[in-house]
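Asker: Take a look at this one; I'll ask things after.
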Amino acid sequence: MESLKRPGGRSARVRDAVRQATLAELAGRGYGGMTVEGVAARSGVHKTTVYRRWRSVEGLITDALELAREEPWPIPDTGSVREDLRGVVALVHTGFADPSGGPVASAFITAAMQSADAAVALREFLAARHRQAAVVVRRAVERRELPSGIDALEVIRVAVAPVYYRLFVTHEPVSAQDVERAADAALAAARAGVLRGDDGETVVDQAASTRSTPLG
C-alpha cells in the first residue's frame with residue numbers, strides 16, 4: 001500500500017475522502033453519534049487505515065478543521081466598515097443557520113467542549129477566520145474610518161461573539177437585528193478607542209508582519 005504520508009496523489013485523495021465522510025457523519029449523526037467505523041464505511045477507506053492515521057473521532061475532527069482553516073472566506077468589501085462588519089457577522093450566523101453546513105459547524109463546537117484536541121483545532125480554525133476577516137478593519141484604517149493602532153483581530157472577535165453567545169450559551173435565536181447590533185457595537189468600541197492594540201502598532205503594520213504565515 002502506498003504510504004499515507006506522501007503529499008498529493010493517493011494520500012490526498014484518501015484524506016479528502018475521509019474528510020468528506022467526517023463532515024457527512026457530523027451532519028447526519030452529530031458529534032455524539034459519530035464513529036471511526038462510520039467514517040471508514042462512508043469514505044470507502046479501510047477502518048484499519050483510518051485508525052492508523054486518525055486514531056479517533058477527535059483526530060478526524062481535528063484534521064477536518066485543519067483542512068477547513070486553509071479555505072478562503074468570502075469577506076465583504078462594500079467600501080463601508082459598518083457594512084463590512086455587518087457582513088462578517090452575517091457570514092458567521094448564516095454558517096450556523098445553513099441546513100447542510102450548520103449541523104457540522106455546531107458539531108465542531110460540541111466536540112471542542114468535550115475534547116482538548118478538538119478545542120485546539122477549533123481555536124486555530126477561528127484564528128485563521130479572524131485573520132481573514134481582519135482585512136475589513138485594515139481597509140477602514142486606510143480609509144480613515146477608524147484610528148490607527150486598532151487591534152483588528154479583537155474588533156472581529158467582539159463583533160462575532162454575541163452570535164456564539166446566543167447560539168451556544170443562552171440558546172436564543174439570532175435575528176438580522178441582532179447581527180447588525182453586534183457589528184455596530186464592535187464598531188462603536190473601535191471608534192471609541194476601546195479596542196486598541198496593547199503594543200500600539202497600527203493595524204496595517206500588524207497585518208504586514210503576518211501575511212507570510214500559513215494561516216495569514
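Residue numbering restarts at 1 in every chain; chains get A, B, ... in the order shown in the C-alpha cells, and ligands count up from 1 in that same order.
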So which residues touch Ser56 (chain A) within 10 Å, counting only C-alpha atoms, skipping near sequence neighbours fewer than 5 positions away, as a list in words?

Answerer: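 Listed by chain and then number, they are Thr35, Val36, Glu37, Val50, Tyr51, Ile61 and Thr62 of chain A.
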
Asker: Run DSSP on the backbone and give me the residues of region 48-203 of chain A it puts in alpha helix (DSSP H), as an NGL selection string.

Answerer: :A and (48-54 or 57-68 or 81-97 or 102-114 or 116-133 or 135-142 or 152-168 or 176-191 or 203)

Asker: Produce a file of the selected residues containing C-alpha atoms, as a CSV table (one decimal), in the first residue's frame.

Answerer:
```
chain,number,residue,atom,x,y,z
A,48,THR,CA,-7.6,0.0,9.9
A,49,THR,CA,-6.1,2.7,7.7
A,50,VAL,CA,-8.4,5.3,9.3
A,51,TYR,CA,-7.5,4.2,12.8
A,52,ARG,CA,-3.8,4.2,11.9
A,53,ARG,CA,-3.7,7.7,10.6
A,54,TRP,CA,-6.5,9.5,12.6
A,57,VAL,CA,-13.2,10.6,16.3
A,58,GLU,CA,-11.3,13.6,17.8
A,59,GLY,CA,-8.5,13.0,15.3
A,60,LEU,CA,-10.9,13.0,12.4
A,61,ILE,CA,-12.5,16.3,13.6
A,62,THR,CA,-9.1,17.9,14.2
A,63,ASP,CA,-7.9,17.0,10.7
A,64,ALA,CA,-11.2,18.3,9.1
A,65,LEU,CA,-10.7,21.6,10.9
A,66,GLU,CA,-7.1,21.8,9.8
A,67,LEU,CA,-8.2,21.5,6.2
A,68,ALA,CA,-11.0,23.9,6.6
A,81,VAL,CA,-16.6,49.5,7.6
A,82,ARG,CA,-20.1,49.3,9.1
A,83,GLU,CA,-21.5,47.3,6.3
A,84,ASP,CA,-18.4,45.1,6.1
A,85,LEU,CA,-18.5,44.3,9.8
A,86,ARG,CA,-22.2,43.5,9.5
A,87,GLY,CA,-21.4,41.2,6.5
A,88,VAL,CA,-18.8,39.4,8.5
A,89,VAL,CA,-21.2,38.8,11.4
A,90,ALA,CA,-23.8,37.7,9.0
A,91,LEU,CA,-21.4,35.1,7.5
A,92,VAL,CA,-21.0,33.6,10.9
A,93,HIS,CA,-24.7,33.5,11.5
A,94,THR,CA,-25.6,32.0,8.1
A,95,GLY,CA,-22.9,29.4,8.5
A,96,PHE,CA,-24.7,28.0,11.6
A,97,ALA,CA,-28.2,28.6,10.0
A,102,GLY,CA,-25.0,24.3,10.2
A,103,PRO,CA,-25.1,20.9,11.9
A,104,VAL,CA,-21.5,20.4,11.0
A,105,ALA,CA,-20.4,23.8,12.5
A,106,SER,CA,-22.4,23.1,15.6
A,107,ALA,CA,-20.9,19.7,16.0
A,108,PHE,CA,-17.4,21.2,15.9
A,109,ILE,CA,-18.4,23.5,18.8
A,110,THR,CA,-19.7,20.5,20.7
A,111,ALA,CA,-16.6,18.5,20.0
A,112,ALA,CA,-14.4,21.4,21.3
A,113,MET,CA,-16.3,21.4,24.5
A,114,GLN,CA,-15.5,17.8,25.2
A,116,ALA,CA,-8.9,19.2,24.3
A,117,ASP,CA,-7.5,18.3,20.8
A,118,ALA,CA,-10.7,19.4,19.1
A,119,ALA,CA,-10.7,22.6,21.2
A,120,VAL,CA,-7.1,23.5,20.0
A,121,ALA,CA,-8.1,22.7,16.4
A,122,LEU,CA,-11.2,24.9,16.6
A,123,ARG,CA,-9.3,27.7,18.2
A,124,GLU,CA,-6.8,27.7,15.4
A,125,PHE,CA,-9.6,27.5,12.8
A,126,LEU,CA,-11.3,30.5,14.3
A,127,ALA,CA,-8.0,32.4,14.5
A,128,ALA,CA,-7.5,31.8,10.8
A,129,ARG,CA,-11.0,33.0,10.0
A,130,HIS,CA,-10.5,36.1,12.2
A,131,ARG,CA,-7.2,36.9,10.3
A,132,GLN,CA,-9.1,36.7,7.0
A,133,ALA,CA,-11.9,38.9,8.3
A,135,VAL,CA,-8.9,42.9,6.4
A,136,VAL,CA,-12.1,44.9,6.7
A,137,VAL,CA,-10.6,46.7,9.7
A,138,ARG,CA,-7.4,47.3,7.9
A,139,ARG,CA,-9.3,48.9,5.0
A,140,ALA,CA,-11.2,51.0,7.4
A,141,VAL,CA,-7.9,52.3,8.9
A,142,GLU,CA,-6.6,53.1,5.4
A,152,ALA,CA,-8.1,44.3,14.1
A,153,LEU,CA,-8.5,40.8,15.4
A,154,GLU,CA,-10.2,42.0,18.6
A,155,VAL,CA,-12.7,44.0,16.6
A,156,ILE,CA,-13.7,40.9,14.7
A,157,ARG,CA,-13.9,38.8,17.9
A,158,VAL,CA,-16.0,41.4,19.6
A,159,ALA,CA,-18.3,41.6,16.6
A,160,VAL,CA,-19.0,37.9,16.2
A,161,ALA,CA,-19.0,37.0,20.0
A,162,PRO,CA,-22.7,37.8,20.5
A,163,VAL,CA,-23.7,35.3,17.8
A,164,TYR,CA,-21.9,32.4,19.6
A,165,TYR,CA,-23.3,33.5,23.0
A,166,ARG,CA,-26.8,33.4,21.7
A,167,LEU,CA,-26.4,30.1,19.8
A,168,PHE,CA,-24.4,28.1,22.3
A,176,ALA,CA,-31.0,40.2,11.4
A,177,GLN,CA,-31.3,43.0,14.0
A,178,ASP,CA,-29.0,41.0,16.4
A,179,VAL,CA,-26.4,40.7,13.6
A,180,GLU,CA,-26.4,44.4,12.9
A,181,ARG,CA,-26.4,45.3,16.6
A,182,ALA,CA,-23.4,43.1,17.3
A,183,ALA,CA,-21.4,44.6,14.4
A,184,ASP,CA,-22.4,48.1,15.3
A,185,ALA,CA,-21.4,47.7,18.9
A,186,ALA,CA,-17.9,46.4,17.9
A,187,LEU,CA,-17.6,49.4,15.5
A,188,ALA,CA,-18.6,51.9,18.3
A,189,ALA,CA,-16.0,50.3,20.6
A,190,ALA,CA,-13.3,50.5,17.9
A,191,ARG,CA,-14.1,54.2,17.2
A,203,VAL,CA,-3.4,47.5,12.1
```

Asker: CA of Ala41 (chain A) and CA of Val14 (chain A) are how many Å apart?

Answerer: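 Computed distance, CA of Ala41 (chain A) to CA of Val14 (chain A), equals 12.8 Å.
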
Asker: For region 19-29 of chain A, work out the shell of residues within 6 Å, counting only C-alpha atoms and skipping chain neighbours fewer than 2 positions away, then give it as an MDAnalysis selection string.

Answerer: chainID A and resid 16:17 31 33:34 39 42:43 64 103:104

Asker: Got time to write the residues from that selection, N, CA, C and O atoms, as a PDB file, in the first residue's frame?

Answerer:
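And here's result30.pdb as it stands now:
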```
ATOM      1  N   ASP A  16      -9.015  13.508   1.533  1.00  0.00           N
ATOM      2  CA  ASP A  16     -10.224  14.226   1.149  1.00  0.00           C
ATOM      3  C   ASP A  16     -11.460  13.351   1.324  1.00  0.00           C
ATOM      4  O   ASP A  16     -12.505  13.824   1.794  1.00  0.00           O
ATOM      5  N   ALA A  17     -11.359  12.066   0.958  1.00  0.00           N
ATOM      6  CA  ALA A  17     -12.500  11.165   1.115  1.00  0.00           C
ATOM      7  C   ALA A  17     -12.887  11.026   2.585  1.00  0.00           C
ATOM      8  O   ALA A  17     -14.074  11.035   2.938  1.00  0.00           O
ATOM      9  N   TYR A  31     -21.810  14.979  16.813  1.00  0.00           N
ATOM     10  CA  TYR A  31     -20.570  14.528  17.445  1.00  0.00           C
ATOM     11  C   TYR A  31     -20.796  13.264  18.271  1.00  0.00           C
ATOM     12  O   TYR A  31     -19.995  12.319  18.228  1.00  0.00           O
ATOM     13  N   GLY A  33     -22.908  10.850  17.899  1.00  0.00           N
ATOM     14  CA  GLY A  33     -23.206   9.638  17.154  1.00  0.00           C
ATOM     15  C   GLY A  33     -22.148   9.244  16.146  1.00  0.00           C
ATOM     16  O   GLY A  33     -22.269   8.199  15.495  1.00  0.00           O
ATOM     17  N   MET A  34     -21.115  10.053  16.011  1.00  0.00           N
ATOM     18  CA  MET A  34     -20.076   9.779  15.016  1.00  0.00           C
ATOM     19  C   MET A  34     -19.113   8.702  15.514  1.00  0.00           C
ATOM     20  O   MET A  34     -18.737   8.676  16.696  1.00  0.00           O
ATOM     21  N   VAL A  39     -17.228   6.565   9.619  1.00  0.00           N
ATOM     22  CA  VAL A  39     -16.465   7.372   8.667  1.00  0.00           C
ATOM     23  C   VAL A  39     -15.750   6.475   7.663  1.00  0.00           C
ATOM     24  O   VAL A  39     -15.724   6.760   6.458  1.00  0.00           O
ATOM     25  N   ARG A  42     -18.306   5.085   5.154  1.00  0.00           N
ATOM     26  CA  ARG A  42     -18.808   6.109   4.243  1.00  0.00           C
ATOM     27  C   ARG A  42     -17.736   6.546   3.250  1.00  0.00           C
ATOM     28  O   ARG A  42     -18.031   6.849   2.088  1.00  0.00           O
ATOM     29  N   SER A  43     -16.481   6.591   3.699  1.00  0.00           N
ATOM     30  CA  SER A  43     -15.396   7.070   2.836  1.00  0.00           C
ATOM     31  C   SER A  43     -14.881   6.009   1.872  1.00  0.00           C
ATOM     32  O   SER A  43     -14.241   6.321   0.865  1.00  0.00           O
ATOM     33  N   ALA A  64     -10.202  17.584   9.931  1.00  0.00           N
ATOM     34  CA  ALA A  64     -11.190  18.301   9.119  1.00  0.00           C
ATOM     35  C   ALA A  64     -11.093  19.803   9.357  1.00  0.00           C
ATOM     36  O   ALA A  64     -11.187  20.611   8.416  1.00  0.00           O
ATOM     37  N   PRO A 103     -25.353  22.024  10.935  1.00  0.00           N
ATOM     38  CA  PRO A 103     -25.131  20.928  11.884  1.00  0.00           C
ATOM     39  C   PRO A 103     -23.661  20.554  12.047  1.00  0.00           C
ATOM     40  O   PRO A 103     -23.225  20.175  13.136  1.00  0.00           O
ATOM     41  N   VAL A 104     -22.886  20.677  10.963  1.00  0.00           N
ATOM     42  CA  VAL A 104     -21.457  20.378  11.044  1.00  0.00           C
ATOM     43  C   VAL A 104     -20.763  21.415  11.915  1.00  0.00           C
ATOM     44  O   VAL A 104     -19.964  21.083  12.802  1.00  0.00           O
TER      45      VAL A 104
END
```

Asker: For CA of Thr78 (chain A) and CA of Gly193 (chain A), quote the distance in Å rounded to one decimal.

Answerer: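 Separation between CA of Thr78 (chain A) and CA of Gly193 (chain A): 23.2 Å.
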
Asker: Please measure the separation of CA of Ser175 (chain A) and CA of Ile75 (chain A), giving the value in Å to one decimal.

Answerer: 20.4 Å
